[in-house]
$ cat start35.cif   # mmCIF, C-alpha atoms
data_entry
loop_
_atom_site.group_PDB
_atom_site.id
_atom_site.type_symbol
_atom_site.label_atom_id
_atom_site.label_comp_id
_atom_site.auth_asym_id
_atom_site.auth_seq_id
_atom_site.Cartn_x
_atom_site.Cartn_y
_atom_site.Cartn_z
ATOM 1 C CA MET A 15 71.784 -194.681 -57.292
ATOM 2 C CA GLN A 16 71.899 -196.779 -54.128
ATOM 3 C CA LEU A 17 73.507 -200.195 -54.043
ATOM 4 C CA PRO A 18 71.022 -203.081 -54.396
ATOM 5 C CA ALA A 19 70.239 -204.854 -51.119
ATOM 6 C CA ASP A 20 71.975 -208.097 -52.129
ATOM 7 C CA VAL A 21 75.143 -206.195 -53.014
ATOM 8 C CA ILE A 22 75.051 -204.420 -49.647
ATOM 9 C CA GLU A 23 74.803 -207.814 -47.946
ATOM 10 C CA ASP A 24 77.668 -209.161 -50.063
ATOM 11 C CA ARG A 25 79.929 -206.194 -49.308
ATOM 12 C CA ILE A 26 79.279 -206.265 -45.552
ATOM 13 C CA GLU A 27 80.000 -209.977 -45.520
ATOM 14 C CA ASN A 28 83.023 -210.052 -47.816
ATOM 15 C CA TRP A 29 84.658 -206.656 -48.223
ATOM 16 C CA PRO A 30 88.067 -206.905 -46.566
ATOM 17 C CA VAL A 31 88.514 -203.364 -45.256
ATOM 18 C CA ALA A 32 86.525 -200.501 -43.789
ATOM 19 C CA ARG A 33 87.477 -197.057 -42.608
ATOM 20 C CA LEU A 34 86.323 -196.469 -39.059
ATOM 21 C CA ALA A 35 85.481 -192.947 -37.977
ATOM 22 C CA THR A 36 85.215 -192.123 -34.291
ATOM 23 C CA SER A 37 84.909 -188.818 -32.449
ATOM 24 C CA ARG A 38 87.669 -187.430 -30.262
ATOM 25 C CA SER A 39 87.111 -185.756 -26.940
ATOM 26 C CA ASP A 40 87.157 -182.332 -28.619
ATOM 27 C CA GLY A 41 84.520 -183.470 -31.137
ATOM 28 C CA ARG A 42 86.971 -183.765 -33.987
ATOM 29 C CA PRO A 43 86.511 -186.834 -36.228
ATOM 30 C CA SER A 44 89.308 -189.386 -36.441
ATOM 31 C CA GLN A 45 89.740 -192.258 -38.867
ATOM 32 C CA VAL A 46 91.656 -195.473 -39.216
ATOM 33 C CA PRO A 47 91.429 -198.428 -41.623
ATOM 34 C CA VAL A 48 90.131 -201.598 -39.968
ATOM 35 C CA VAL A 49 89.368 -205.209 -40.749
ATOM 36 C CA PHE A 50 86.037 -206.586 -39.612
ATOM 37 C CA ALA A 51 83.820 -209.643 -39.726
ATOM 38 C CA ARG A 52 80.141 -210.247 -39.061
ATOM 39 C CA ALA A 53 79.039 -212.588 -36.277
ATOM 40 C CA SER A 54 76.076 -212.828 -33.887
ATOM 41 C CA GLY A 55 74.424 -209.880 -35.621
ATOM 42 C CA TRP A 56 77.343 -207.519 -34.903
ATOM 43 C CA LEU A 57 80.332 -206.329 -36.877
ATOM 44 C CA TRP A 58 83.543 -207.171 -35.038
ATOM 45 C CA SER A 59 86.752 -205.275 -35.535
ATOM 46 C CA PRO A 60 89.849 -206.343 -33.618
ATOM 47 C CA VAL A 61 92.075 -203.762 -32.015
ATOM 48 C CA ASP A 62 95.598 -204.573 -33.105
ATOM 49 C CA GLY A 63 97.386 -207.245 -31.099
ATOM 50 C CA LYS A 64 100.771 -205.610 -31.059
ATOM 51 C CA PRO A 65 101.900 -203.774 -27.930
ATOM 52 C CA LYS A 66 99.420 -200.978 -27.741
ATOM 53 C CA ALA A 67 100.506 -197.755 -29.311
ATOM 54 C CA GLU A 68 98.725 -194.457 -28.944
ATOM 55 C CA ARG A 69 96.601 -194.999 -32.045
ATOM 56 C CA GLU A 70 94.959 -198.173 -30.758
ATOM 57 C CA LEU A 71 94.259 -196.699 -27.394
ATOM 58 C CA ALA A 72 92.785 -193.634 -29.049
ATOM 59 C CA ARG A 73 90.270 -195.718 -30.979
ATOM 60 C CA VAL A 74 89.163 -197.526 -27.843
ATOM 61 C CA ARG A 75 89.099 -194.342 -25.761
ATOM 62 C CA ASN A 76 86.992 -192.594 -28.378
ATOM 63 C CA VAL A 77 84.432 -195.394 -28.476
ATOM 64 C CA LEU A 78 84.192 -195.610 -24.687
ATOM 65 C CA ARG A 79 83.303 -191.929 -24.575
ATOM 66 C CA GLU A 80 81.252 -191.677 -27.797
ATOM 67 C CA PRO A 81 79.918 -195.000 -29.091
ATOM 68 C CA ARG A 82 78.430 -193.553 -32.280
ATOM 69 C CA VAL A 83 80.794 -194.451 -35.128
ATOM 70 C CA SER A 84 80.830 -194.699 -38.888
ATOM 71 C CA LEU A 85 82.229 -197.477 -41.076
ATOM 72 C CA LEU A 86 82.887 -196.705 -44.732
ATOM 73 C CA LEU A 87 83.322 -199.441 -47.322
ATOM 74 C CA ASP A 88 84.314 -198.384 -50.816
ATOM 75 C CA GLU A 89 86.713 -199.053 -53.634
ATOM 76 C CA TYR A 90 88.532 -196.493 -55.675
ATOM 77 C CA GLU A 91 88.883 -197.196 -59.379
ATOM 78 C CA PRO A 92 90.234 -194.965 -62.126
ATOM 79 C CA ASP A 93 87.067 -195.885 -64.058
ATOM 80 C CA TRP A 94 84.625 -193.608 -62.253
ATOM 81 C CA THR A 95 81.600 -195.446 -63.644
ATOM 82 C CA ARG A 96 82.548 -198.283 -61.260
ATOM 83 C CA LEU A 97 82.690 -196.271 -58.058
ATOM 84 C CA TRP A 98 80.547 -197.229 -55.067
ATOM 85 C CA TRP A 99 80.472 -196.692 -51.356
ATOM 86 C CA LEU A 100 78.548 -198.055 -48.443
ATOM 87 C CA ARG A 101 78.409 -196.273 -45.107
ATOM 88 C CA ILE A 102 77.311 -197.834 -41.862
ATOM 89 C CA ASP A 103 76.252 -195.667 -38.959
ATOM 90 C CA GLY A 104 76.594 -197.768 -35.883
ATOM 91 C CA GLU A 105 77.012 -197.927 -32.177
ATOM 92 C CA ALA A 106 80.202 -199.521 -30.915
ATOM 93 C CA ARG A 107 81.158 -201.144 -27.642
ATOM 94 C CA VAL A 108 84.550 -202.342 -26.477
ATOM 95 C CA VAL A 109 84.761 -206.040 -25.694
ATOM 96 C CA ARG A 110 87.714 -207.615 -23.891
ATOM 97 C CA ALA A 111 87.192 -211.299 -23.209
ATOM 98 C CA ARG A 112 88.635 -214.714 -23.959
ATOM 99 C CA PRO A 113 86.930 -216.905 -26.574
ATOM 100 C CA GLU A 114 87.016 -219.786 -24.073
ATOM 101 C CA THR A 115 84.877 -217.941 -21.588
ATOM 102 C CA ASP A 116 82.685 -215.828 -23.870
ATOM 103 C CA PRO A 117 80.718 -217.605 -26.635
ATOM 104 C CA GLU A 118 80.043 -214.315 -28.428
ATOM 105 C CA VAL A 119 83.757 -213.544 -28.586
ATOM 106 C CA ALA A 120 84.449 -217.113 -29.678
ATOM 107 C CA GLU A 121 82.088 -216.625 -32.612
ATOM 108 C CA ALA A 122 83.646 -213.265 -33.467
ATOM 109 C CA VAL A 123 87.187 -214.629 -33.421
ATOM 110 C CA GLU A 124 86.122 -217.596 -35.522
ATOM 111 C CA ALA A 125 84.505 -215.265 -38.074
ATOM 112 C CA LEU A 126 87.639 -213.091 -38.195
ATOM 113 C CA ARG A 127 89.891 -216.115 -38.675
ATOM 114 C CA ALA A 128 87.600 -217.471 -41.395
ATOM 115 C CA LYS A 129 87.543 -214.168 -43.270
ATOM 116 C CA TYR A 130 91.251 -213.382 -42.817
ATOM 117 C CA PRO A 131 93.695 -216.274 -43.297
ATOM 118 C CA GLN A 132 96.346 -213.745 -42.240
ATOM 119 C CA TYR A 133 95.402 -214.464 -38.610
ATOM 120 C CA SER A 134 96.959 -217.900 -38.903
ATOM 121 C CA ARG A 135 100.342 -216.299 -39.552
ATOM 122 C CA VAL A 136 100.423 -213.073 -37.558
ATOM 123 C CA PRO A 137 99.693 -212.793 -33.846
ATOM 124 C CA VAL A 138 97.111 -210.064 -34.188
ATOM 125 C CA LEU A 139 94.540 -211.366 -31.763
ATOM 126 C CA ARG A 140 95.821 -210.838 -28.253
ATOM 127 C CA ASP A 141 94.981 -212.876 -25.251
ATOM 128 C CA PRO A 142 92.458 -211.680 -24.330
ATOM 129 C CA PRO A 143 91.563 -209.963 -27.586
ATOM 130 C CA THR A 144 90.194 -206.434 -27.581
ATOM 131 C CA LEU A 145 87.403 -206.044 -30.089
ATOM 132 C CA LEU A 146 85.037 -203.345 -31.157
ATOM 133 C CA ALA A 147 81.534 -204.742 -31.584
ATOM 134 C CA ILE A 148 79.485 -202.484 -33.838
ATOM 135 C CA ARG A 149 75.732 -202.622 -34.090
ATOM 136 C CA VAL A 150 74.481 -201.511 -37.510
ATOM 137 C CA GLU A 151 71.944 -198.720 -37.069
ATOM 138 C CA TRP A 152 71.701 -197.244 -40.538
ATOM 139 C CA ILE A 153 73.139 -198.008 -43.973
ATOM 140 C CA SER A 154 73.632 -195.439 -46.717
ATOM 141 C CA SER A 155 75.039 -196.309 -50.103
ATOM 142 C CA TRP A 156 75.794 -194.917 -53.498
ATOM 143 C CA CYS A 157 77.070 -196.262 -56.783
ATOM 144 C CA ALA A 158 77.778 -194.616 -60.098
ATOM 145 C CA GLY A 159 75.796 -197.281 -61.935
ATOM 146 C CA LEU A 160 75.367 -200.975 -62.510
ATOM 147 C CA ASP A 161 79.030 -201.431 -63.526
ATOM 148 C CA ALA A 162 79.872 -200.844 -59.884
ATOM 149 C CA VAL A 163 77.936 -203.785 -58.515
ATOM 150 C CA SER A 164 79.815 -206.847 -59.724
ATOM 151 C CA PRO A 165 80.436 -209.331 -56.903
ATOM 152 C CA ALA A 166 83.112 -208.260 -54.431
ATOM 153 C CA GLY A 167 84.633 -211.726 -54.547
ATOM 154 C CA ALA A 168 85.717 -211.168 -58.130
ATOM 155 C CA ARG A 169 87.851 -208.207 -57.236
ATOM 156 C CA SER A 170 88.938 -208.338 -53.618
ATOM 157 C CA MET B 15 106.522 -197.189 -37.658
ATOM 158 C CA GLN B 16 105.609 -193.860 -39.215
ATOM 159 C CA LEU B 17 105.831 -193.248 -42.941
ATOM 160 C CA PRO B 18 109.037 -191.463 -44.003
ATOM 161 C CA ALA B 19 108.566 -187.779 -44.797
ATOM 162 C CA ASP B 20 109.242 -188.196 -48.538
ATOM 163 C CA VAL B 21 106.627 -190.954 -48.747
ATOM 164 C CA ILE B 22 104.104 -188.756 -46.965
ATOM 165 C CA GLU B 23 104.791 -186.024 -49.527
ATOM 166 C CA ASP B 24 104.447 -188.507 -52.376
ATOM 167 C CA ARG B 25 101.159 -189.902 -51.084
ATOM 168 C CA ILE B 26 99.592 -186.484 -50.504
ATOM 169 C CA GLU B 27 100.633 -185.435 -53.985
ATOM 170 C CA ASN B 28 99.744 -188.601 -55.889
ATOM 171 C CA TRP B 29 97.349 -190.848 -53.986
ATOM 172 C CA PRO B 30 94.088 -190.827 -55.924
ATOM 173 C CA VAL B 31 91.546 -191.179 -53.130
ATOM 174 C CA ALA B 32 90.964 -190.138 -49.546
ATOM 175 C CA ARG B 33 88.158 -190.774 -47.101
ATOM 176 C CA LEU B 34 86.799 -187.547 -45.710
ATOM 177 C CA ALA B 35 85.310 -187.547 -42.238
ATOM 178 C CA THR B 36 83.140 -184.659 -41.118
ATOM 179 C CA SER B 37 80.952 -184.167 -38.061
ATOM 180 C CA ARG B 38 77.172 -184.021 -38.246
ATOM 181 C CA SER B 39 75.035 -181.616 -36.278
ATOM 182 C CA ASP B 40 74.485 -184.243 -33.589
ATOM 183 C CA GLY B 41 78.242 -184.811 -33.289
ATOM 184 C CA ARG B 42 78.168 -188.109 -35.092
ATOM 185 C CA PRO B 43 81.014 -188.694 -37.568
ATOM 186 C CA SER B 44 80.207 -189.142 -41.249
ATOM 187 C CA GLN B 45 82.442 -190.329 -44.066
ATOM 188 C CA VAL B 46 82.627 -190.290 -47.814
ATOM 189 C CA PRO B 47 85.368 -191.149 -50.329
ATOM 190 C CA VAL B 48 86.733 -188.095 -52.135
ATOM 191 C CA VAL B 49 89.236 -187.137 -54.778
ATOM 192 C CA PHE B 50 91.597 -184.287 -54.015
ATOM 193 C CA ALA B 51 94.563 -182.354 -55.353
ATOM 194 C CA ARG B 52 97.085 -180.021 -53.783
ATOM 195 C CA ALA B 53 97.349 -176.406 -54.928
ATOM 196 C CA SER B 54 98.278 -173.074 -53.330
ATOM 197 C CA GLY B 55 99.166 -174.863 -50.107
ATOM 198 C CA TRP B 56 95.672 -176.352 -49.670
ATOM 199 C CA LEU B 57 94.100 -179.687 -50.470
ATOM 200 C CA TRP B 58 91.130 -179.215 -52.797
ATOM 201 C CA SER B 59 88.286 -181.669 -53.011
ATOM 202 C CA PRO B 60 85.467 -181.016 -55.454
ATOM 203 C CA VAL B 61 81.887 -181.532 -54.399
ATOM 204 C CA ASP B 62 80.270 -183.644 -57.070
ATOM 205 C CA GLY B 63 79.030 -181.788 -60.132
ATOM 206 C CA LYS B 64 75.865 -183.772 -60.634
ATOM 207 C CA PRO B 65 72.557 -182.299 -59.479
ATOM 208 C CA LYS B 66 73.044 -182.091 -55.759
ATOM 209 C CA ALA B 67 71.781 -185.008 -53.787
ATOM 210 C CA GLU B 68 71.454 -185.109 -50.038
ATOM 211 C CA ARG B 69 74.908 -186.604 -49.582
ATOM 212 C CA GLU B 70 76.729 -183.712 -51.224
ATOM 213 C CA LEU B 71 74.767 -181.149 -49.345
ATOM 214 C CA ALA B 72 75.449 -182.994 -46.104
ATOM 215 C CA ARG B 73 79.199 -182.782 -46.627
ATOM 216 C CA VAL B 74 79.041 -179.045 -47.285
ATOM 217 C CA ARG B 75 76.598 -178.434 -44.431
ATOM 218 C CA ASN B 76 78.819 -180.324 -42.024
ATOM 219 C CA VAL B 77 81.897 -178.321 -42.963
ATOM 220 C CA LEU B 78 80.081 -174.993 -42.730
ATOM 221 C CA ARG B 79 79.102 -175.830 -39.158
ATOM 222 C CA GLU B 80 82.236 -177.719 -38.072
ATOM 223 C CA PRO B 81 85.319 -177.062 -40.207
ATOM 224 C CA ARG B 82 87.542 -179.609 -38.438
ATOM 225 C CA VAL B 83 87.784 -182.653 -40.700
ATOM 226 C CA SER B 84 89.918 -185.716 -41.208
ATOM 227 C CA LEU B 85 91.291 -187.136 -44.469
ATOM 228 C CA LEU B 86 92.487 -190.726 -44.462
ATOM 229 C CA LEU B 87 94.757 -192.108 -47.180
ATOM 230 C CA ASP B 88 95.515 -195.810 -47.108
ATOM 231 C CA GLU B 89 95.617 -198.933 -49.195
ATOM 232 C CA TYR B 90 94.340 -202.326 -48.215
ATOM 233 C CA GLU B 91 96.431 -205.301 -49.278
ATOM 234 C CA PRO B 92 96.007 -208.957 -48.378
ATOM 235 C CA ASP B 93 99.733 -208.892 -47.547
ATOM 236 C CA TRP B 94 99.539 -207.149 -44.188
ATOM 237 C CA THR B 95 103.259 -206.381 -44.165
ATOM 238 C CA ARG B 96 102.466 -203.790 -46.866
ATOM 239 C CA LEU B 97 99.755 -201.893 -45.017
ATOM 240 C CA TRP B 98 100.077 -198.168 -44.417
ATOM 241 C CA TRP B 99 97.863 -195.231 -43.628
ATOM 242 C CA LEU B 100 98.222 -191.503 -43.498
ATOM 243 C CA ARG B 101 95.739 -189.300 -41.672
ATOM 244 C CA ILE B 102 95.412 -185.584 -42.111
ATOM 245 C CA ASP B 103 93.664 -183.478 -39.515
ATOM 246 C CA GLY B 104 92.623 -180.314 -41.216
ATOM 247 C CA GLU B 105 90.349 -177.351 -41.304
ATOM 248 C CA ALA B 106 88.043 -177.092 -44.279
ATOM 249 C CA ARG B 107 86.239 -174.210 -45.909
ATOM 250 C CA VAL B 108 83.665 -174.250 -48.670
ATOM 251 C CA VAL B 109 84.645 -172.351 -51.815
ATOM 252 C CA ARG B 110 82.192 -171.550 -54.584
ATOM 253 C CA ALA B 111 83.771 -169.453 -57.312
ATOM 254 C CA ARG B 112 84.587 -169.467 -61.000
ATOM 255 C CA PRO B 113 88.162 -170.150 -62.102
ATOM 256 C CA GLU B 114 87.947 -167.077 -64.370
ATOM 257 C CA THR B 115 87.350 -164.756 -61.467
ATOM 258 C CA ASP B 116 89.293 -166.472 -58.671
ATOM 259 C CA PRO B 117 92.983 -167.296 -59.286
ATOM 260 C CA GLU B 118 93.061 -169.678 -56.311
ATOM 261 C CA VAL B 119 90.139 -171.657 -57.724
ATOM 262 C CA ALA B 120 91.753 -171.599 -61.174
ATOM 263 C CA GLU B 121 94.855 -173.204 -59.682
ATOM 264 C CA ALA B 122 92.789 -175.775 -57.795
ATOM 265 C CA VAL B 123 90.787 -176.755 -60.872
ATOM 266 C CA GLU B 124 93.966 -176.998 -62.919
ATOM 267 C CA ALA B 125 95.549 -179.274 -60.283
ATOM 268 C CA LEU B 126 92.432 -181.474 -60.206
ATOM 269 C CA ARG B 127 92.359 -181.755 -63.996
ATOM 270 C CA ALA B 128 96.082 -182.564 -64.075
ATOM 271 C CA LYS B 129 95.743 -185.271 -61.435
ATOM 272 C CA TYR B 130 92.488 -186.749 -62.767
ATOM 273 C CA PRO B 131 92.222 -187.166 -66.555
ATOM 274 C CA GLN B 132 88.652 -188.300 -65.827
ATOM 275 C CA TYR B 133 87.646 -184.631 -65.622
ATOM 276 C CA SER B 134 88.137 -184.313 -69.365
ATOM 277 C CA ARG B 135 85.367 -186.847 -69.946
ATOM 278 C CA VAL B 136 82.854 -186.378 -67.144
ATOM 279 C CA PRO B 137 81.235 -183.075 -66.213
ATOM 280 C CA VAL B 138 82.120 -183.256 -62.561
ATOM 281 C CA LEU B 139 83.183 -179.676 -62.055
ATOM 282 C CA ARG B 140 80.101 -177.485 -62.041
ATOM 283 C CA ASP B 141 79.930 -173.886 -63.052
ATOM 284 C CA PRO B 142 80.741 -172.468 -60.600
ATOM 285 C CA PRO B 143 82.462 -175.419 -58.931
ATOM 286 C CA THR B 144 81.934 -176.090 -55.249
ATOM 287 C CA LEU B 145 85.150 -177.143 -53.592
ATOM 288 C CA LEU B 146 86.300 -177.985 -50.120
ATOM 289 C CA ALA B 147 89.656 -176.363 -49.409
ATOM 290 C CA ILE B 148 91.405 -178.161 -46.578
ATOM 291 C CA ARG B 149 94.323 -176.728 -44.649
ATOM 292 C CA VAL B 150 96.614 -179.438 -43.308
ATOM 293 C CA GLU B 151 97.027 -178.995 -39.557
ATOM 294 C CA TRP B 152 98.487 -182.304 -38.455
ATOM 295 C CA ILE B 153 99.651 -185.498 -40.145
ATOM 296 C CA SER B 154 99.729 -188.913 -38.482
ATOM 297 C CA SER B 155 100.938 -192.020 -40.234
ATOM 298 C CA TRP B 156 101.658 -195.658 -39.754
ATOM 299 C CA CYS B 157 103.104 -198.448 -41.840
ATOM 300 C CA ALA B 158 103.729 -202.103 -41.105
ATOM 301 C CA GLY B 159 107.300 -201.843 -42.393
ATOM 302 C CA LEU B 160 109.487 -200.824 -45.286
ATOM 303 C CA ASP B 161 107.586 -203.046 -47.735
ATOM 304 C CA ALA B 162 104.721 -200.599 -47.425
ATOM 305 C CA VAL B 163 106.617 -197.591 -48.731
ATOM 306 C CA SER B 164 107.216 -198.297 -52.396
ATOM 307 C CA PRO B 165 106.271 -195.346 -54.608
ATOM 308 C CA ALA B 166 102.537 -194.772 -54.963
ATOM 309 C CA GLY B 167 102.944 -194.297 -58.706
ATOM 310 C CA ALA B 168 103.870 -197.931 -59.132
ATOM 311 C CA ARG B 169 100.571 -199.125 -57.721
ATOM 312 C CA SER B 170 97.866 -196.501 -58.148
#
$ encode --input "start35.cif" --output "structure tokens"
Amino acid sequence: MQLPADVIEDRIENWPVARLATSRSDGRPSQVPVVFARASGWLWSPVDGKPKAERELARVRNVLREPRVSLLLDEYEPDWTRLWWLRIDGEARVVRARPETDPEVAEAVEALRAKYPQYSRVPVLRDPPTLLAIRVEWISSWCAGLDAVSPAGARS
Amino acid sequence: MQLPADVIEDRIENWPVARLATSRSDGRPSQVPVVFARASGWLWSPVDGKPKAERELARVRNVLREPRVSLLLDEYEPDWTRLWWLRIDGEARVVRARPETDPEVAEAVEALRAKYPQYSRVPVLRDPPTLLAIRVEWISSWCAGLDAVSPAGARS
């Protein structure tokens, strides 16, 4: 069965992690776990603030060439009656701007800091931050049954 | 830093879930969480044994057209010093055969049943089972630090 609409909303708002799939130049899919927050009608995922290694650049490079991406939210549990997943097909753009000069980025950074208290302790948002902004185009979902749809807040 | 080689081995052997990325006909990436087990030098991931819905067919269709796939293993933790991920670039093939007539499939099914006691209770392996067999071509990994590399068995 599909996830109920209110559970989909709850997961997109509150689930702490997604797996981002992008396409490489040779068409091969690539994946990386990401954090994300919703703001201004977009999903915002920061590109890591540490000195940029190949993997961060790859994610950005892939999106600049092929903006169509996939975000997968799910939770593995040994009890398979509780399994669920939620997949977002979206279009991503790369945003590099300072919160002080870009209200949209200010809102995104605020949403990320509100969702992830970790940002108060680790310098993950660079100056200026690089963010992927993902527009949700299509949502697919599945769950094994109603056991899977307890609120995310209770378990995350 | 990268994951140490013995941790990579441990995760591939014991981690219970991976996210599989395939490419759709229009080049768009797609993702789904999968279980998998290693046998005969391949990673085997069963395609769900329930009456086939669109999502299972999509996964198989994608692989038949474009065998290059990605498997992502990772664990989200609120303590970001413990984060790690492990990405496998591989080539997949679709295998439909009975364990009684195909020794390779017999080994794969045995490995899946050994790794997942759930298969004794839920009829997930069809007759004949449909499996994706994935050949590991390249492994990339990352971890935030040594805190991330405690044995998987202690936490899965």
$ closest_residue --input "start35.cif" --among "A:Asp161, A:Asp20, A:Asp103, A:Glu27" --to "chain B" --atoms "all atoms listed in the file"
A:Asp103
$ resolve_selection --input "start35.cif" --expression "the PyMOL selection byres ((chain A and resi 23) around 12)" --output "PyMOL selection string"
chain A and resi 17-22+24-29+52+87+100+102+153+155+163+165-166
$ residues_around --input "start35.cif" --residues "Arg82 (chain A)" --least-positions-apart "5" --cutoff "8 Å" --atoms "only C-alpha atoms" --output "list in words"
Thr36, Val77, Asp103, Gly104, Glu105 and Ala106 of chain A; Arg42 and Pro43 of chain B
$ write_last_selection --input "start35.cif" --atoms "C-alpha atoms" --output "tab-separated table (two decimals), in the coordinates of the input"
chain	number	residue	atom	x	y	z
A	36	THR	CA	85.22	-192.12	-34.29
A	77	VAL	CA	84.43	-195.39	-28.48
A	103	ASP	CA	76.25	-195.67	-38.96
A	104	GLY	CA	76.59	-197.77	-35.88
A	105	GLU	CA	77.01	-197.93	-32.18
A	106	ALA	CA	80.20	-199.52	-30.92
B	42	ARG	CA	78.17	-188.11	-35.09
B	43	PRO	CA	81.01	-188.69	-37.57
$ atom_distance --input "start35.cif" --atom1 "CA of Leu71 (chain B)" --atom2 "CA of Val48 (chain B)"
14.1 Å
$ residues_near_point --input "start35.cif" --point "(87.0, -185.8, -57.6)" --cutoff "10 Å" --atoms "only C-alpha atoms" --output "list in words"
Trp94 of chain A; Pro30, Val31, Ala32, Pro47, Val48, Val49, Phe50, Ala51, Trp58, Ser59, Pro60, Val61, Asp62, Gly63, Leu126, Arg127, Lys129, Tyr130, Gln132, Tyr133, Val138, Leu139 and Leu145 of chain B
$ resolve_selection --input "start35.cif" --expression "the PyMOL selection byres ((chain A and resi 73) around 9)" --output "list in words"
Ala35, Thr36, Ser37, Arg38, Ser44, Gln45, Val46, Val61, Glu68, Arg69, Glu70, Leu71, Ala72, Val74, Arg75, Asn76, Val77 and Leu78 of chain A
$ atom_distance --input "start35.cif" --atom1 "CA of Leu146 (chain A)" --atom2 "CA of Pro113 (chain A)"
14.4 Å
$ residues_near_point --input "start35.cif" --point "(81.2, -171.0, -59.0)" --cutoff "10 Å" --atoms "only C-alpha atoms" --output "PDB file with C-alpha atoms, keeping the file's coordinate frame"
ATOM      1  CA  VAL B 109      84.645-172.351 -51.815  1.00  0.00           C
ATOM      2  CA  ARG B 110      82.192-171.550 -54.584  1.00  0.00           C
ATOM      3  CA  ALA B 111      83.771-169.453 -57.312  1.00  0.00           C
ATOM      4  CA  ARG B 112      84.587-169.467 -61.000  1.00  0.00           C
ATOM      5  CA  PRO B 113      88.162-170.150 -62.102  1.00  0.00           C
ATOM      6  CA  GLU B 114      87.947-167.077 -64.370  1.00  0.00           C
ATOM      7  CA  THR B 115      87.350-164.756 -61.467  1.00  0.00           C
ATOM      8  CA  ASP B 116      89.293-166.472 -58.671  1.00  0.00           C
ATOM      9  CA  VAL B 119      90.139-171.657 -57.724  1.00  0.00           C
ATOM     10  CA  LEU B 139      83.183-179.676 -62.055  1.00  0.00           C
ATOM     11  CA  ARG B 140      80.101-177.485 -62.041  1.00  0.00           C
ATOM     12  CA  ASP B 141      79.930-173.886 -63.052  1.00  0.00           C
ATOM     13  CA  PRO B 142      80.741-172.468 -60.600  1.00  0.00           C
ATOM     14  CA  PRO B 143      82.462-175.419 -58.931  1.00  0.00           C
ATOM     15  CA  THR B 144      81.934-176.090 -55.249  1.00  0.00           C
ATOM     16  CA  LEU B 145      85.150-177.143 -53.592  1.00  0.00           C
TER      17      LEU B 145
END
$ atom_distance --input "start35.cif" --atom1 "CA of Arg107 (chain B)" --atom2 "CA of Gly41 (chain B)"
18.3 Å
$ closest_residue --input "start35.cif" --among "B:Ala147, B:Leu86, B:Val108, B:Leu160" --to "chain A" --atoms "all atoms listed in the file"
B:Leu86
$ axis_aligned_box --input "start35.cif" --around "region 94-107 of chain A" --padding-each-side "5 Å" --output "AutoDock Vina command-line options"
--center_x 80.4 --center_y -197.4 --center_z -45.6 --size_x 18.4 --size_y 17.5 --size_z 46.0
$ closest_residue --input "start35.cif" --among "B:Ser54, B:Ser134, B:Ser84, B:Thr95" --to "chain A" --atoms "only C-alpha atoms"
B:Ser84
$ closest_residue --input "start35.cif" --among "B:Met15, B:Glu121, B:Arg101, B:Ser164" --to "chain A" --atoms "only C-alpha atoms"
B:Arg101
$ closest_residue --input "start35.cif" --among "B:Val150, B:Glu91, B:Gly55, B:Arg79" --to "chain A" --atoms "all atoms listed in the file"
B:Glu91
$ closest_residue --input "start35.cif" --among "B:Ala125, B:Leu85, B:Cys157, B:Ala162" --to "chain A" --atoms "all atoms listed in the file"
B:Leu85
